[in-house]
Number of protein chains: 2
Amino acid sequence: MGTRIQQPGVGTTKTEFFTFAHPPNELQLESGQKLGPITLAYETYGLLNKDKTNAILLLHSSTGDANAAGFHEGRNEHGWWDNMVGPGKAFDTRHFFVICSNVLGGCAGSTGPSSINPQTGKSYALEFPVITIADMVNAQRHLIDFLGIEKLLCIAGGQMGGMQVLQWAAAYSKRVRSAIPIATTLRHSPQQMAFNEVTRQAITADPEWRKGYYYGLGRPETGLAVCRMILNITQMSDRVMEEKFSRRVKEPGERGFFTDDFEVEGCTRYRNDRFVKSFDANSYLFLTKAMDQFDLSRGKLFASGRPIQTRFMVVGYLSDWLYPPYQSLEIARELKARKTDATYCEINSKYGHNAYLMSVEEQTHLIRHFVQTDIFW
Amino acid sequence: MGTRIQQPGVGTTKTEFFTFAHPPNELQLESGQKLGPITLAYETYGLLNKDKTNAILLLHSSTGDANAAGFHEGRNEHGWWDNMVGPGKAFDTRHFFVICSNVLGGCAGSTGPSSINPQTGKSYALEFPVITIADMVNAQRHLIDFLGIEKLLCIAGGQMGGMQVLQWAAAYSKRVRSAIPIATTLRHSPQQMAFNEVTRQAITADPEWRKGYYYGLGRPETGLAVCRMILNITQMSDRVMEEKFSRRVKEPGERGFFTDDFEVEGCTRYRNDRFVKSFDANSYLFLTKAMDQFDLSRGKLFASGRPIQTRFMVVGYLSDWLYPPYQSLEIARELKARKTDATYCEINSKYGHNAYLMSVEEQTHLIRHFVQTDIFW
């Protein structure tokens, strides 16, 4: 334990499920609609202490799930933040009780468009109500209540996870000691919305999407593959692509119009990608819509009227052109203007938006120090 | 004439056609295959002088055509560089004879995948041979011969047009007095290839593409619309999108899952776009493949072994993240290292890659001065 040379992870993990909002006590959504029952899939790593003061909530991005660390039986891949969560890692499970929940609207065990609508006995599909980042956070708050945690030691997440971090602070600041929004924004720029829109169009252009009612009939995998490619390109920096993919033309015998002339193209074809094979297309549509409608800019972060007592470390990456550093800086500026304790850390990573998954060493250093400052409060 | 307040254009223009490479004298392509007969569509503006020393060749981008200036009867839009070509404009038709030809492989009157293969009586479709930027330039050289022009005063173009400019200089330097490659590169980076690949995948994912054999049966307009969106997003800067599209949410009554919540999305839906309605999908596939295979980097620009006597003005745009300025600078650096007369001009435009179509004032100033230096040689 604790050796820096080889960090053992959290090992095999299992997803748990929490169901609430049973009728007639449905969850009131921001749109005014009601939804229930709601199940949230979640995982926990480490042990909750007696006082329940060592809980950290991790919030995943639009394509993530509850499996942040360790691995599931029969699955080859580790959780999405396995390099950051475990004994001796940034979120050190020897000290902290780490929670990760799949979002409302998701497709990895939580209630979403692919779930059965109890009123019809069929998948909600496009009858699923429009959900917002605030709805996701409200649902998570029920899970945190259920776990008996009054105040979270820390919340952290990138991209859509970062939006949830900001929303937690805006809505439940008293229940969050410290917060780490990473590579995120107070609201999407038109460019970010347009990239989201084009990925949605790629999905809905696939006839296998069947206007949203594909359950039991197939999956729009062609559209999802185009979507996945766009995500991959936009989340990587120009420089890291250059390093990763040499301009090797394949052997002459392999060339031709329909073969991949260059390594980079081979990589961008994602037919066997886990996202393409298992992510629910409608979930993707609803979650990206929620991101596009998210807006805590121009003081709306403080709309509750109460000062935000949460401590912030805002993290941006120099080579991230999808969520450019100026957006992270803007978050820190808004917080400081209202006298909130906030630091802005810009990491000089080459990995583009993917840095929040890749730049482990720099993040570990920053996060460990930031979180440990609080463990003795 | 010549007033700066309102520049009259070249008026109504008409495309002309030049056919050559009749069997058995087919054009030998770089791949070794032969192709003929070949038609090139072209337009000219202004008058060729007696000595034939005032000809300027403009080279269009992957989605362009021969109609660079003026407008065609019955069409609402001006040519793609109308703001740069005409009496008193950057390429001043009072002094110069301006030529623009549709490329080999194109779909606006030139021989390309949608043309009838004389051997089968049907459209070539995917039987069209793989063409390269060098093939396009070789075909253009035949047109220039046909017009009786020994030496071009200037050649200019952006993106794929810029690649042709470089190829002209590499292959026929003695026939080009001066050259203006704009927002282009000696070779595509993996990111540029990946964006091209995803647009191709968007097209080929459309069942209406019918594995390339859609002629007479329909058009893959859904795929072309997704492709068009990606082109639009990548060619615009983040900042200009922010300025252009406010984050106005539409009236509540208009909202819903399938309506456009934000103005930017409305703009990115291109169902009635000219590209979507009339550009040949297979042409797009062949032309973007030619761009991805283009490579004059690492000295290959000088592969002929002869010094390049063409004068260069290389133009890049600060906000162009699709063809970033470092690529233009690299062109200028390669040229200067071999003692070629070259200037690099970086324009501080906000328009992203579209700057070469938008930043008229800055370009006009630079180009007019650069070209007029030569008119009296």
# chains A, B, ... in the order shown; residues from 1 in each chain; ligands from 1
>>> calpha_fit_and_write(fixed="chain A", moving="chain B", output="compact mmCIF listing (two decimals) with C-alpha atoms, in the first residue's frame")
# COMPACT_ATOMS: atom_id res chain seq x y z
CA MET B 1 0.12 0.01 -0.05
CA GLY B 2 1.14 3.51 -0.83
CA THR B 3 4.13 2.68 -2.99
CA ARG B 4 4.47 5.12 -5.84
CA ILE B 5 5.80 2.56 -8.25
CA GLN B 6 2.71 0.49 -8.58
CA GLN B 7 -0.56 1.66 -7.13
CA PRO B 8 -2.99 -1.13 -6.57
CA GLY B 9 -6.49 -0.03 -7.45
CA VAL B 10 -9.76 -0.61 -5.67
CA GLY B 11 -10.07 -4.02 -7.32
CA THR B 12 -13.33 -5.50 -8.47
CA THR B 13 -16.26 -3.19 -7.92
CA LYS B 14 -20.00 -3.55 -8.12
CA THR B 15 -22.70 -1.06 -8.96
CA GLU B 16 -25.44 -0.51 -6.39
CA PHE B 17 -28.89 0.94 -6.93
CA PHE B 18 -30.97 3.44 -4.97
CA THR B 19 -34.61 3.95 -5.86
CA PHE B 20 -36.71 6.86 -4.61
CA ALA B 21 -39.46 9.27 -5.68
CA HIS B 22 -42.05 6.54 -5.62
CA PRO B 23 -45.50 7.83 -6.63
CA PRO B 24 -47.18 9.88 -5.35
CA ASN B 25 -43.89 11.46 -4.19
CA GLU B 26 -42.35 11.92 -7.61
CA LEU B 27 -39.38 14.22 -8.13
CA GLN B 28 -40.45 17.63 -9.35
CA LEU B 29 -38.30 18.50 -12.33
CA GLU B 30 -37.19 21.99 -13.30
CA SER B 31 -39.56 21.87 -16.26
CA GLY B 32 -42.51 21.41 -13.89
CA GLN B 33 -43.00 17.78 -14.90
CA LYS B 34 -42.86 15.01 -12.31
CA LEU B 35 -40.87 11.82 -12.58
CA GLY B 36 -40.87 8.70 -10.43
CA PRO B 37 -39.84 6.21 -9.37
CA ILE B 38 -36.22 7.11 -10.02
CA THR B 39 -33.29 4.75 -9.70
CA LEU B 40 -29.71 5.97 -9.47
CA ALA B 41 -26.87 3.55 -10.06
CA TYR B 42 -23.86 4.31 -7.88
CA GLU B 43 -20.60 2.90 -6.61
CA THR B 44 -18.62 3.64 -3.48
CA TYR B 45 -14.95 3.09 -2.69
CA GLY B 46 -13.35 3.26 0.75
CA LEU B 47 -15.17 3.52 4.05
CA LEU B 48 -17.43 6.22 5.44
CA ASN B 49 -16.08 7.35 8.80
CA LYS B 50 -18.14 7.43 11.97
CA ASP B 51 -18.90 11.17 11.70
CA LYS B 52 -19.65 10.83 7.97
CA THR B 53 -17.29 13.69 7.22
CA ASN B 54 -15.00 12.01 4.69
CA ALA B 55 -17.32 11.62 1.69
CA ILE B 56 -16.26 12.76 -1.76
CA LEU B 57 -18.72 12.79 -4.66
CA LEU B 58 -17.37 12.36 -8.18
CA LEU B 59 -19.52 13.54 -11.08
CA HIS B 60 -19.12 11.99 -14.49
CA SER B 61 -19.12 13.48 -17.97
CA SER B 62 -21.83 13.00 -20.59
CA THR B 63 -20.50 9.62 -21.68
CA GLY B 64 -19.51 8.37 -18.23
CA ASP B 65 -21.13 6.10 -15.68
CA ALA B 66 -21.02 5.16 -11.99
CA ASN B 67 -17.95 2.97 -12.47
CA ALA B 68 -15.26 5.53 -11.65
CA ALA B 69 -12.69 3.11 -10.27
CA GLY B 70 -11.75 -0.54 -10.28
CA PHE B 71 -13.30 -2.90 -12.76
CA HIS B 72 -16.38 -5.01 -13.12
CA GLU B 73 -16.27 -8.77 -13.49
CA GLY B 74 -16.02 -9.62 -17.18
CA ARG B 75 -15.19 -6.13 -18.34
CA ASN B 76 -11.74 -5.32 -19.72
CA GLU B 77 -11.66 -1.63 -18.94
CA HIS B 78 -11.08 0.08 -15.64
CA GLY B 79 -13.45 2.78 -14.41
CA TRP B 80 -13.16 6.18 -16.08
CA TRP B 81 -11.11 7.79 -13.28
CA ASP B 82 -9.33 4.70 -11.99
CA ASN B 83 -5.98 6.50 -12.19
CA MET B 84 -7.27 9.08 -9.72
CA VAL B 85 -9.26 6.96 -7.24
CA GLY B 86 -7.79 4.28 -5.00
CA PRO B 87 -5.40 3.69 -2.13
CA GLY B 88 -2.58 6.25 -2.40
CA LYS B 89 -4.15 8.00 -5.39
CA ALA B 90 -5.48 11.57 -5.63
CA PHE B 91 -8.81 10.59 -4.11
CA ASP B 92 -7.22 8.29 -1.56
CA THR B 93 -9.62 5.54 -0.57
CA ARG B 94 -7.54 4.83 2.56
CA HIS B 95 -8.87 8.12 3.91
CA PHE B 96 -11.95 9.00 1.93
CA PHE B 97 -15.31 7.49 1.15
CA VAL B 98 -15.65 8.10 -2.59
CA ILE B 99 -19.08 8.01 -4.27
CA CYS B 100 -19.84 8.12 -7.96
CA SER B 101 -23.41 8.04 -9.23
CA ASN B 102 -24.71 7.65 -12.74
CA VAL B 103 -26.81 10.71 -13.60
CA LEU B 104 -30.56 10.94 -13.96
CA GLY B 105 -31.20 10.51 -17.68
CA GLY B 106 -28.21 8.19 -18.03
CA CYS B 107 -28.21 4.66 -19.36
CA ALA B 108 -25.95 2.72 -17.00
CA GLY B 109 -28.48 1.62 -14.43
CA SER B 110 -30.12 4.97 -13.69
CA THR B 111 -33.57 6.05 -14.82
CA GLY B 112 -33.35 7.45 -18.32
CA PRO B 113 -35.00 7.29 -21.73
CA SER B 114 -34.26 3.57 -22.08
CA SER B 115 -35.96 2.75 -18.75
CA ILE B 116 -39.42 1.26 -18.66
CA ASN B 117 -42.13 3.85 -18.17
CA PRO B 118 -44.35 2.28 -15.49
CA GLN B 119 -47.40 3.90 -17.06
CA THR B 120 -46.95 2.25 -20.45
CA GLY B 121 -44.79 -0.79 -19.75
CA LYS B 122 -42.48 0.36 -22.55
CA SER B 123 -39.25 2.35 -22.66
CA TYR B 124 -39.80 6.08 -22.18
CA ALA B 125 -37.87 6.87 -25.38
CA LEU B 126 -38.74 10.46 -26.32
CA GLU B 127 -41.55 10.60 -23.76
CA PHE B 128 -38.82 10.91 -21.14
CA PRO B 129 -39.11 14.41 -19.67
CA VAL B 130 -36.55 17.08 -20.53
CA ILE B 131 -34.01 17.04 -17.71
CA THR B 132 -31.53 19.68 -16.64
CA ILE B 133 -28.24 19.69 -14.77
CA ALA B 134 -30.22 20.93 -11.74
CA ASP B 135 -32.48 17.88 -11.98
CA MET B 136 -29.45 15.59 -12.04
CA VAL B 137 -28.07 17.29 -8.93
CA ASN B 138 -31.42 17.18 -7.12
CA ALA B 139 -31.58 13.45 -7.74
CA GLN B 140 -28.03 13.01 -6.45
CA ARG B 141 -28.96 14.97 -3.34
CA HIS B 142 -31.52 12.28 -2.53
CA LEU B 143 -28.79 9.66 -2.80
CA ILE B 144 -26.52 11.65 -0.48
CA ASP B 145 -29.41 11.97 2.01
CA PHE B 146 -29.97 8.23 1.76
CA LEU B 147 -26.30 7.60 2.54
CA GLY B 148 -26.75 9.76 5.65
CA ILE B 149 -24.20 12.35 4.61
CA GLU B 150 -24.97 15.88 5.73
CA LYS B 151 -21.94 17.57 4.24
CA LEU B 152 -19.71 16.37 1.42
CA LEU B 153 -16.02 16.90 1.97
CA CYS B 154 -15.46 17.47 -1.72
CA ILE B 155 -17.18 17.23 -5.10
CA ALA B 156 -15.25 16.94 -8.35
CA GLY B 157 -15.84 16.33 -12.04
CA GLY B 158 -14.97 17.39 -15.57
CA GLN B 159 -17.11 18.61 -18.51
CA MET B 160 -20.77 17.78 -17.66
CA GLY B 161 -19.48 16.60 -14.28
CA GLY B 162 -18.03 20.08 -13.78
CA MET B 163 -21.41 21.62 -14.54
CA GLN B 164 -22.90 19.43 -11.80
CA VAL B 165 -20.15 20.61 -9.43
CA LEU B 166 -21.17 24.22 -10.12
CA GLN B 167 -24.86 23.39 -9.74
CA TRP B 168 -24.22 21.62 -6.40
CA ALA B 169 -22.49 24.78 -5.15
CA ALA B 170 -25.26 27.02 -6.48
CA ALA B 171 -28.06 24.98 -4.93
CA TYR B 172 -26.54 23.25 -1.89
CA SER B 173 -23.46 25.24 -0.99
CA LYS B 174 -23.87 24.50 2.72
CA ARG B 175 -23.62 20.80 2.03
CA VAL B 176 -20.36 21.02 0.10
CA ARG B 177 -17.08 21.80 1.85
CA SER B 178 -14.96 22.06 -1.30
CA ALA B 179 -15.44 21.74 -5.04
CA ILE B 180 -13.25 21.00 -8.05
CA PRO B 181 -14.86 21.90 -11.39
CA ILE B 182 -12.52 20.70 -14.13
CA ALA B 183 -12.40 21.68 -17.83
CA THR B 184 -15.94 23.01 -17.71
CA THR B 185 -17.94 26.19 -18.18
CA LEU B 186 -20.70 28.32 -16.67
CA ARG B 187 -22.49 27.91 -19.99
CA HIS B 188 -21.75 26.47 -23.40
CA SER B 189 -20.44 28.77 -26.10
CA PRO B 190 -22.15 28.62 -29.50
CA GLN B 191 -19.23 26.50 -30.73
CA GLN B 192 -19.73 23.96 -27.94
CA MET B 193 -23.47 23.88 -28.63
CA ALA B 194 -22.84 23.45 -32.34
CA PHE B 195 -20.47 20.52 -31.79
CA ASN B 196 -23.08 18.93 -29.52
CA GLU B 197 -25.77 19.55 -32.09
CA VAL B 198 -23.78 17.95 -34.89
CA THR B 199 -23.24 14.82 -32.78
CA ARG B 200 -26.99 14.70 -32.12
CA GLN B 201 -27.72 15.15 -35.81
CA ALA B 202 -25.31 12.33 -36.65
CA ILE B 203 -27.33 10.04 -34.37
CA THR B 204 -30.80 11.14 -35.48
CA ALA B 205 -29.75 10.94 -39.16
CA ASP B 206 -29.29 7.19 -38.72
CA PRO B 207 -32.49 5.43 -39.85
CA GLU B 208 -31.83 2.86 -37.12
CA TRP B 209 -32.60 5.61 -34.62
CA ARG B 210 -36.23 5.19 -35.82
CA LYS B 211 -37.27 8.63 -34.61
CA GLY B 212 -36.31 7.61 -31.09
CA TYR B 213 -38.28 4.38 -30.86
CA TYR B 214 -35.56 1.82 -31.59
CA TYR B 215 -35.79 -0.17 -28.34
CA GLY B 216 -36.07 -3.85 -29.05
CA LEU B 217 -35.45 -3.26 -32.76
CA GLY B 218 -31.75 -2.43 -32.93
CA ARG B 219 -29.34 0.40 -32.18
CA PRO B 220 -28.28 3.42 -34.29
CA GLU B 221 -24.66 2.30 -34.18
CA THR B 222 -23.65 4.00 -37.41
CA GLY B 223 -24.79 7.36 -36.06
CA LEU B 224 -23.19 6.64 -32.69
CA ALA B 225 -19.90 5.82 -34.44
CA VAL B 226 -19.91 9.17 -36.27
CA CYS B 227 -20.77 10.85 -32.96
CA ARG B 228 -17.90 9.01 -31.23
CA MET B 229 -15.43 10.16 -33.88
CA ILE B 230 -16.42 13.78 -33.42
CA LEU B 231 -16.07 13.45 -29.65
CA ASN B 232 -12.66 11.90 -30.05
CA ILE B 233 -11.37 14.58 -32.41
CA THR B 234 -12.68 17.48 -30.36
CA GLN B 235 -11.40 16.08 -27.07
CA MET B 236 -7.84 15.62 -28.30
CA SER B 237 -5.34 18.36 -29.02
CA ASP B 238 -3.85 18.85 -32.48
CA ARG B 239 -0.41 18.19 -31.04
CA VAL B 240 -1.22 14.97 -29.26
CA MET B 241 -2.92 13.63 -32.38
CA GLU B 242 0.25 14.45 -34.30
CA GLU B 243 2.32 12.53 -31.77
CA LYS B 244 -0.08 9.65 -31.46
CA PHE B 245 -0.73 9.02 -35.10
CA SER B 246 2.20 9.15 -37.39
CA ARG B 247 1.35 9.84 -41.01
CA ARG B 248 2.17 6.25 -41.90
CA VAL B 249 0.52 5.25 -45.10
CA LYS B 250 -0.40 1.60 -44.88
CA GLU B 251 1.18 -1.01 -47.08
CA PRO B 252 0.29 -0.48 -50.75
CA GLY B 253 -1.70 -3.71 -50.87
CA GLU B 254 -3.95 -2.46 -48.10
CA ARG B 255 -4.73 0.85 -49.75
CA GLY B 256 -7.83 1.70 -51.62
CA PHE B 257 -10.80 3.92 -51.38
CA PHE B 258 -12.52 2.10 -48.60
CA THR B 259 -9.54 1.16 -46.54
CA ASP B 260 -7.95 3.47 -44.05
CA ASP B 261 -5.08 5.19 -45.75
CA PHE B 262 -3.75 6.72 -42.59
CA GLU B 263 -3.47 5.44 -39.09
CA VAL B 264 -5.51 8.30 -37.78
CA GLU B 265 -8.53 7.27 -39.78
CA GLY B 266 -8.20 3.72 -38.57
CA CYS B 267 -8.37 5.06 -35.06
CA THR B 268 -11.39 7.21 -35.74
CA ARG B 269 -13.51 4.27 -36.80
CA TYR B 270 -15.18 3.12 -33.68
CA ARG B 271 -17.41 0.28 -34.61
CA ASN B 272 -16.36 -1.79 -31.63
CA ASP B 273 -16.15 1.07 -29.20
CA ARG B 274 -17.95 0.57 -25.88
CA PHE B 275 -19.85 3.84 -26.34
CA VAL B 276 -21.05 2.74 -29.78
CA LYS B 277 -21.93 -0.76 -28.60
CA SER B 278 -23.64 0.08 -25.35
CA PHE B 279 -24.43 3.76 -24.77
CA ASP B 280 -28.11 4.58 -25.22
CA ALA B 281 -28.53 7.04 -28.09
CA ASN B 282 -31.51 8.82 -26.54
CA SER B 283 -29.62 9.23 -23.25
CA TYR B 284 -26.89 10.96 -25.21
CA LEU B 285 -29.46 13.31 -26.79
CA PHE B 286 -31.04 14.20 -23.43
CA LEU B 287 -27.74 14.65 -21.59
CA THR B 288 -26.18 16.88 -24.25
CA LYS B 289 -29.37 18.97 -24.39
CA ALA B 290 -29.11 19.41 -20.62
CA MET B 291 -25.53 20.62 -21.07
CA ASP B 292 -26.52 23.08 -23.79
CA GLN B 293 -29.28 24.53 -21.64
CA PHE B 294 -27.09 24.84 -18.55
CA ASP B 295 -26.40 28.48 -17.72
CA LEU B 296 -24.98 29.75 -14.44
CA SER B 297 -23.21 32.69 -16.08
CA ARG B 298 -23.64 36.36 -15.22
CA GLY B 299 -24.25 35.90 -11.53
CA LYS B 300 -26.76 33.06 -11.81
CA LEU B 301 -24.31 30.94 -9.81
CA PHE B 302 -25.36 33.15 -6.88
CA ALA B 303 -29.08 33.23 -7.65
CA SER B 304 -29.91 31.77 -4.23
CA GLY B 305 -28.85 35.09 -2.71
CA ARG B 306 -26.72 33.34 -0.12
CA PRO B 307 -22.93 33.58 -0.17
CA ILE B 308 -21.21 30.43 -1.36
CA GLN B 309 -19.09 29.03 1.44
CA THR B 310 -17.70 26.15 -0.57
CA ARG B 311 -13.95 26.38 -1.29
CA PHE B 312 -13.13 26.08 -4.99
CA MET B 313 -10.22 24.88 -7.01
CA VAL B 314 -11.05 25.50 -10.68
CA VAL B 315 -8.91 23.51 -13.12
CA GLY B 316 -8.38 24.23 -16.83
CA TYR B 317 -6.01 22.80 -19.42
CA LEU B 318 -3.96 24.95 -21.76
CA SER B 319 -4.41 22.66 -24.79
CA ASP B 320 -8.15 22.11 -24.25
CA TRP B 321 -9.78 23.87 -27.19
CA LEU B 322 -13.22 22.32 -26.61
CA TYR B 323 -13.50 23.71 -23.06
CA PRO B 324 -10.89 26.44 -23.38
CA PRO B 325 -9.12 27.74 -20.24
CA TYR B 326 -10.78 31.16 -20.57
CA GLN B 327 -14.02 29.49 -19.49
CA SER B 328 -12.42 28.05 -16.35
CA LEU B 329 -10.86 31.41 -15.62
CA GLU B 330 -14.29 32.99 -15.96
CA ILE B 331 -15.64 30.62 -13.30
CA ALA B 332 -12.84 31.57 -10.90
CA ARG B 333 -13.37 35.26 -11.66
CA GLU B 334 -17.12 35.09 -10.95
CA LEU B 335 -16.45 33.26 -7.68
CA LYS B 336 -13.80 35.69 -6.52
CA ALA B 337 -15.91 38.71 -7.44
CA ARG B 338 -18.43 37.45 -4.87
CA LYS B 339 -15.71 36.78 -2.30
CA THR B 340 -15.87 33.02 -2.62
CA ASP B 341 -12.64 31.20 -1.76
CA ALA B 342 -11.42 30.14 -5.21
CA THR B 343 -8.13 29.24 -6.88
CA TYR B 344 -7.65 28.84 -10.61
CA CYS B 345 -5.13 26.20 -11.71
CA GLU B 346 -4.17 26.03 -15.36
CA ILE B 347 -2.32 22.86 -16.24
CA ASN B 348 0.06 22.96 -19.17
CA SER B 349 -1.02 19.58 -20.50
CA LYS B 350 -0.77 18.59 -24.14
CA TYR B 351 -3.78 16.26 -24.06
CA GLY B 352 -6.54 18.69 -25.02
CA HIS B 353 -9.87 18.18 -23.27
CA ASN B 354 -8.86 14.60 -22.48
CA ALA B 355 -6.28 16.00 -20.07
CA TYR B 356 -8.71 15.61 -17.18
CA LEU B 357 -8.48 11.85 -17.74
CA MET B 358 -4.81 11.78 -18.76
CA SER B 359 -2.75 14.34 -16.84
CA VAL B 360 -2.74 12.21 -13.73
CA GLU B 361 0.47 13.37 -12.13
CA GLU B 362 -0.28 17.10 -12.21
CA GLN B 363 -3.90 16.58 -11.12
CA THR B 364 -2.92 14.19 -8.35
CA HIS B 365 -0.54 16.70 -6.87
CA LEU B 366 -3.08 19.54 -6.97
CA ILE B 367 -6.09 17.55 -5.82
CA ARG B 368 -4.35 15.64 -3.03
CA HIS B 369 -3.12 18.86 -1.49
CA PHE B 370 -6.44 20.65 -1.94
CA VAL B 371 -8.50 17.83 -0.41
CA GLN B 372 -6.10 17.04 2.44
CA THR B 373 -6.27 20.65 3.59
CA ASP B 374 -9.86 19.93 4.55
CA ILE B 375 -9.67 16.52 6.11
CA PHE B 376 -8.88 17.97 9.54
CA TRP B 377 -11.40 20.82 9.61
>>> select_by_dssp(residues="region 314-365 of chain B", states="strand (DSSP E)", output="PyMOL selection string")
chain B and resi 314-317+342-347
>>> write_last_selection(atoms="C-alpha atoms", output="JSON list (two decimals), in the first residue's frame")
[["chain", "number", "residue", "atom", "x", "y", "z"],
["B", 314, "VAL", "CA", 1.97, 33.12, -47.82],
["B", 315, "VAL", "CA", -1.13, 34.21, -45.90],
["B", 316, "GLY", "CA", -2.41, 32.80, -42.59],
["B", 317, "TYR", "CA", -5.12, 33.90, -40.18],
["B", 342, "ALA", "CA", 8.72, 34.48, -49.83],
["B", 343, "THR", "CA", 6.86, 36.71, -47.38],
["B", 344, "TYR", "CA", 4.61, 35.45, -44.61],
["B", 345, "CYS", "CA", 1.59, 37.62, -43.77],
["B", 346, "GLU", "CA", -0.46, 36.77, -40.72],
["B", 347, "ILE", "CA", -3.77, 38.55, -40.63]]
>>> select_by_dssp(residues="region 77-315 of chain A", states="helix (DSSP H, G or I)", output="ChimeraX atom specification")
/A:125-127,133-146,160-175,190-204,207-212,221-235,238-244,252-254,263-268,274-278,281-293,300-302
